[in-house]
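Okay, so here's the structure we're looking at.
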Amino acid sequence: MATMDQCRHALELLAAKMGGGDKAPSLDRSLSCYLTDLDNGFHARLAGGELHGIAEGHDPKAKIKLTSTSDDLVALTDGKLGFASAWATGRVKIDASVFDLLKLRSML
């Protein structure tokens, strides 16, 4: 099981990875990441491919909600787990509008 610090770092890496695309600047949404095995998470603002104001705690009202285990989140950013296969198999869940899902898909 990964620690909260490792998960915070993984979220920062994931946001940086998404920030390289030309779609990143147009996406400005609240984001929440719930870690099922830690029964905790983070919330922040995703804007321009960066996470701003990362704070501990899950925000159920966020526009984009990511749910995974701590190990899967770290594996996504370490390159040990592909996002598409993790999402397809249910290891990572994303709750967002169709519009946001399309933008996220193009960023990843």
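For the structure tokens, the naming scheme is as follows: chains receive sequential letters (A, B, ...) according to their order of presentation, residues are indexed from 1 within each chain, and ligands are indexed from 1 in presentation order.
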
Counting only C-alpha atoms, what is within 7 Å of Ala16 (chain A), bar same-chain residues fewer than 3 positions away, as an MDAnalysis selection string? chainID A and resid 12:13 19 49:50

I want to know what sits within 8 Å of Gly41 (chain A), based on only C-alpha atoms, with residues of the same chain fewer than 3 positions away left out; could you give that as a PyMOL selection string? chain A and resi 4+32-35+38+56-58

Give me a file of those residues, with N, CA and C atoms, as an mmCIF file, in the first residue's frame.
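Output below, filename selection-v3.cif:
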data_model
loop_
_atom_site.group_PDB
_atom_site.id
_atom_site.type_symbol
_atom_site.label_atom_id
_atom_site.label_comp_id
_atom_site.auth_asym_id
_atom_site.auth_seq_id
_atom_site.Cartn_x
_atom_site.Cartn_y
_atom_site.Cartn_z
ATOM 1 N N MET A 4 0.243 8.321 1.628
ATOM 2 C CA MET A 4 -0.416 9.529 1.135
ATOM 3 C C MET A 4 0.598 10.432 0.421
ATOM 4 N N SER A 32 -11.099 15.474 -7.706
ATOM 5 C CA SER A 32 -10.981 14.740 -6.461
ATOM 6 C C SER A 32 -10.465 13.347 -6.774
ATOM 7 N N CYS A 33 -9.570 12.870 -5.958
ATOM 8 C CA CYS A 33 -9.019 11.529 -6.112
ATOM 9 C C CYS A 33 -9.267 10.775 -4.812
ATOM 10 N N TYR A 34 -10.095 9.740 -4.887
ATOM 11 C CA TYR A 34 -10.394 8.921 -3.716
ATOM 12 C C TYR A 34 -9.593 7.629 -3.792
ATOM 13 N N LEU A 35 -8.870 7.337 -2.742
ATOM 14 C CA LEU A 35 -8.031 6.139 -2.653
ATOM 15 C C LEU A 35 -8.745 5.129 -1.757
ATOM 16 N N LEU A 38 -6.947 3.424 1.271
ATOM 17 C CA LEU A 38 -6.572 4.333 2.356
ATOM 18 C C LEU A 38 -7.789 5.031 2.963
ATOM 19 N N GLU A 56 -5.517 17.437 1.290
ATOM 20 C CA GLU A 56 -5.955 16.101 1.669
ATOM 21 C C GLU A 56 -7.458 16.107 1.906
ATOM 22 N N GLY A 57 -8.098 15.031 1.523
ATOM 23 C CA GLY A 57 -9.536 14.882 1.699
ATOM 24 C C GLY A 57 -10.247 14.757 0.367
ATOM 25 N N HIS A 58 -11.234 13.909 0.323
ATOM 26 C CA HIS A 58 -12.027 13.656 -0.880
ATOM 27 C C HIS A 58 -13.111 14.720 -1.000
#

Just the strand (DSSP E) stuff from chain A, please, per backbone DSSP, written as a count of residues only. 31

Using DSSP assignments from the backbone, pull out every residue in chain A that falls under alpha helix (DSSP H) and give it to me as a PyMOL selection string. chain A and resi 4-18+70-78+83-88+98-107

Selection above as a file: N, CA and C atoms, as a tab-separated table (two decimals), in the first residue's frame:
chain	number	residue	atom	x	y	z
A	4	MET	N	0.24	8.32	1.63
A	4	MET	CA	-0.42	9.53	1.14
A	4	MET	C	0.60	10.43	0.42
A	5	ASP	N	1.83	10.52	0.92
A	5	ASP	CA	2.85	11.34	0.26
A	5	ASP	C	3.18	10.80	-1.13
A	6	GLN	N	3.27	9.49	-1.25
A	6	GLN	CA	3.53	8.88	-2.56
A	6	GLN	C	2.37	9.16	-3.52
A	7	CYS	N	1.16	9.12	-3.01
A	7	CYS	CA	-0.01	9.38	-3.84
A	7	CYS	C	-0.09	10.85	-4.26
A	8	ARG	N	0.25	11.75	-3.36
A	8	ARG	CA	0.29	13.18	-3.72
A	8	ARG	C	1.29	13.40	-4.85
A	9	HIS	N	2.46	12.80	-4.72
A	9	HIS	CA	3.49	12.92	-5.76
A	9	HIS	C	2.99	12.31	-7.08
A	10	ALA	N	2.31	11.18	-7.00
A	10	ALA	CA	1.78	10.54	-8.21
A	10	ALA	C	0.75	11.44	-8.90
A	11	LEU	N	-0.11	12.11	-8.13
A	11	LEU	CA	-1.08	13.03	-8.72
A	11	LEU	C	-0.38	14.19	-9.42
A	12	GLU	N	0.67	14.72	-8.80
A	12	GLU	CA	1.42	15.81	-9.42
A	12	GLU	C	2.06	15.36	-10.73
A	13	LEU	N	2.59	14.14	-10.76
A	13	LEU	CA	3.19	13.61	-11.98
A	13	LEU	C	2.13	13.39	-13.06
A	14	LEU	N	0.98	12.89	-12.67
A	14	LEU	CA	-0.09	12.66	-13.62
A	14	LEU	C	-0.56	13.98	-14.24
A	15	ALA	N	-0.70	15.01	-13.42
A	15	ALA	CA	-1.10	16.32	-13.93
A	15	ALA	C	-0.04	16.90	-14.87
A	16	ALA	N	1.23	16.71	-14.52
A	16	ALA	CA	2.31	17.20	-15.39
A	16	ALA	C	2.30	16.48	-16.73
A	17	LYS	N	2.01	15.20	-16.70
A	17	LYS	CA	1.93	14.40	-17.93
A	17	LYS	C	0.80	14.91	-18.81
A	18	MET	N	-0.32	15.25	-18.20
A	18	MET	CA	-1.46	15.75	-18.95
A	18	MET	C	-1.22	17.16	-19.46
A	70	SER	N	-4.29	3.10	-3.86
A	70	SER	CA	-3.06	3.88	-3.80
A	70	SER	C	-1.97	3.26	-4.69
A	71	ASP	N	-1.86	1.95	-4.68
A	71	ASP	CA	-0.85	1.28	-5.50
A	71	ASP	C	-1.11	1.47	-6.99
A	72	ASP	N	-2.37	1.43	-7.41
A	72	ASP	CA	-2.69	1.63	-8.82
A	72	ASP	C	-2.40	3.06	-9.26
A	73	LEU	N	-2.67	4.03	-8.41
A	73	LEU	CA	-2.35	5.42	-8.75
A	73	LEU	C	-0.85	5.59	-8.97
A	74	VAL	N	-0.06	5.04	-8.08
A	74	VAL	CA	1.40	5.13	-8.21
A	74	VAL	C	1.87	4.37	-9.45
A	75	ALA	N	1.29	3.20	-9.71
A	75	ALA	CA	1.67	2.41	-10.88
A	75	ALA	C	1.35	3.13	-12.19
A	76	LEU	N	0.27	3.91	-12.21
A	76	LEU	CA	-0.07	4.69	-13.40
A	76	LEU	C	1.03	5.68	-13.75
A	77	THR	N	1.55	6.34	-12.75
A	77	THR	CA	2.57	7.36	-13.01
A	77	THR	C	3.96	6.77	-13.17
A	78	ASP	N	4.18	5.56	-12.66
A	78	ASP	CA	5.47	4.89	-12.82
A	78	ASP	C	5.58	4.19	-14.17
A	83	PHE	N	-3.09	3.56	-18.52
A	83	PHE	CA	-4.34	4.18	-18.13
A	83	PHE	C	-5.54	3.52	-18.80
A	84	ALA	N	-5.45	3.27	-20.10
A	84	ALA	CA	-6.58	2.69	-20.83
A	84	ALA	C	-6.96	1.31	-20.28
A	85	SER	N	-5.98	0.47	-20.03
A	85	SER	CA	-6.29	-0.86	-19.51
A	85	SER	C	-6.78	-0.79	-18.06
A	86	ALA	N	-6.24	0.12	-17.27
A	86	ALA	CA	-6.69	0.28	-15.89
A	86	ALA	C	-8.14	0.74	-15.85
A	87	TRP	N	-8.49	1.66	-16.74
A	87	TRP	CA	-9.86	2.15	-16.80
A	87	TRP	C	-10.80	1.07	-17.33
A	88	ALA	N	-10.38	0.37	-18.37
A	88	ALA	CA	-11.21	-0.68	-18.99
A	88	ALA	C	-11.50	-1.83	-18.03
A	98	VAL	N	-19.35	13.81	-20.07
A	98	VAL	CA	-18.86	13.27	-21.33
A	98	VAL	C	-17.86	14.24	-21.96
A	99	PHE	N	-18.16	15.52	-21.91
A	99	PHE	CA	-17.27	16.54	-22.44
A	99	PHE	C	-15.89	16.48	-21.77
A	100	ASP	N	-15.89	16.38	-20.45
A	100	ASP	CA	-14.62	16.31	-19.71
A	100	ASP	C	-13.89	15.01	-19.98
A	101	LEU	N	-14.63	13.91	-20.11
A	101	LEU	CA	-14.00	12.63	-20.42
A	101	LEU	C	-13.28	12.68	-21.78
A	102	LEU	N	-13.90	13.31	-22.76
A	102	LEU	CA	-13.27	13.45	-24.07
A	102	LEU	C	-12.00	14.29	-23.99
A	103	LYS	N	-12.06	15.36	-23.23
A	103	LYS	CA	-10.86	16.19	-23.06
A	103	LYS	C	-9.76	15.45	-22.33
A	104	LEU	N	-10.13	14.73	-21.27
A	104	LEU	CA	-9.14	13.96	-20.52
A	104	LEU	C	-8.50	12.89	-21.40
A	105	ARG	N	-9.33	12.24	-22.21
A	105	ARG	CA	-8.82	11.20	-23.09
A	105	ARG	C	-7.78	11.76	-24.06
A	106	SER	N	-8.02	12.94	-24.58
A	106	SER	CA	-7.07	13.54	-25.52
A	106	SER	C	-5.79	13.99	-24.82
A	107	MET	N	-5.88	14.27	-23.52
A	107	MET	CA	-4.72	14.72	-22.76
A	107	MET	C	-3.84	13.55	-22.35

If you count only C-alpha atoms, which residues fall within 8 Å of Asp95 (chain A), apart from same-chain ones fewer than 3 positions away, as a list in words?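 Answer for this query is Lys63, Ile64, Lys65 and Leu66 of chain A.
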
Next, the residues of the selection above should be written as a PDB file, in the first residue's frame with N, CA and C atoms.
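Once everything was written out, this is out-v1.pdb:
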ATOM      1  N   LYS A  63     -15.963  18.173 -10.020  1.00  0.00           N
ATOM      2  CA  LYS A  63     -16.453  17.929 -11.384  1.00  0.00           C
ATOM      3  C   LYS A  63     -15.819  16.681 -11.994  1.00  0.00           C
ATOM      4  N   ILE A  64     -14.579  16.381 -11.606  1.00  0.00           N
ATOM      5  CA  ILE A  64     -13.898  15.180 -12.073  1.00  0.00           C
ATOM      6  C   ILE A  64     -13.497  14.372 -10.845  1.00  0.00           C
ATOM      7  N   LYS A  65     -13.980  13.132 -10.785  1.00  0.00           N
ATOM      8  CA  LYS A  65     -13.674  12.272  -9.638  1.00  0.00           C
ATOM      9  C   LYS A  65     -12.940  11.031 -10.119  1.00  0.00           C
ATOM     10  N   LEU A  66     -11.779  10.813  -9.571  1.00  0.00           N
ATOM     11  CA  LEU A  66     -10.943   9.652  -9.882  1.00  0.00           C
ATOM     12  C   LEU A  66     -10.945   8.752  -8.663  1.00  0.00           C
TER      13      LEU A  66
END

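If you look at CA of Ala47 (chain A) and CA of Gly79 (chain A), they are 23.2 Å away from each other.
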
What separation in Å, quoted to one decimal, exists between CA of Ser68 (chain A) and CA of Val92 (chain A)?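 Separating CA of Ser68 (chain A) from CA of Val92 (chain A) is a distance of 4.8 Å.
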
Have a look at CA of Gly90 (chain A) and CA of Gly48 (chain A) and let me know their distance in Å, one decimal.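 It comes out at 27.0 Å.
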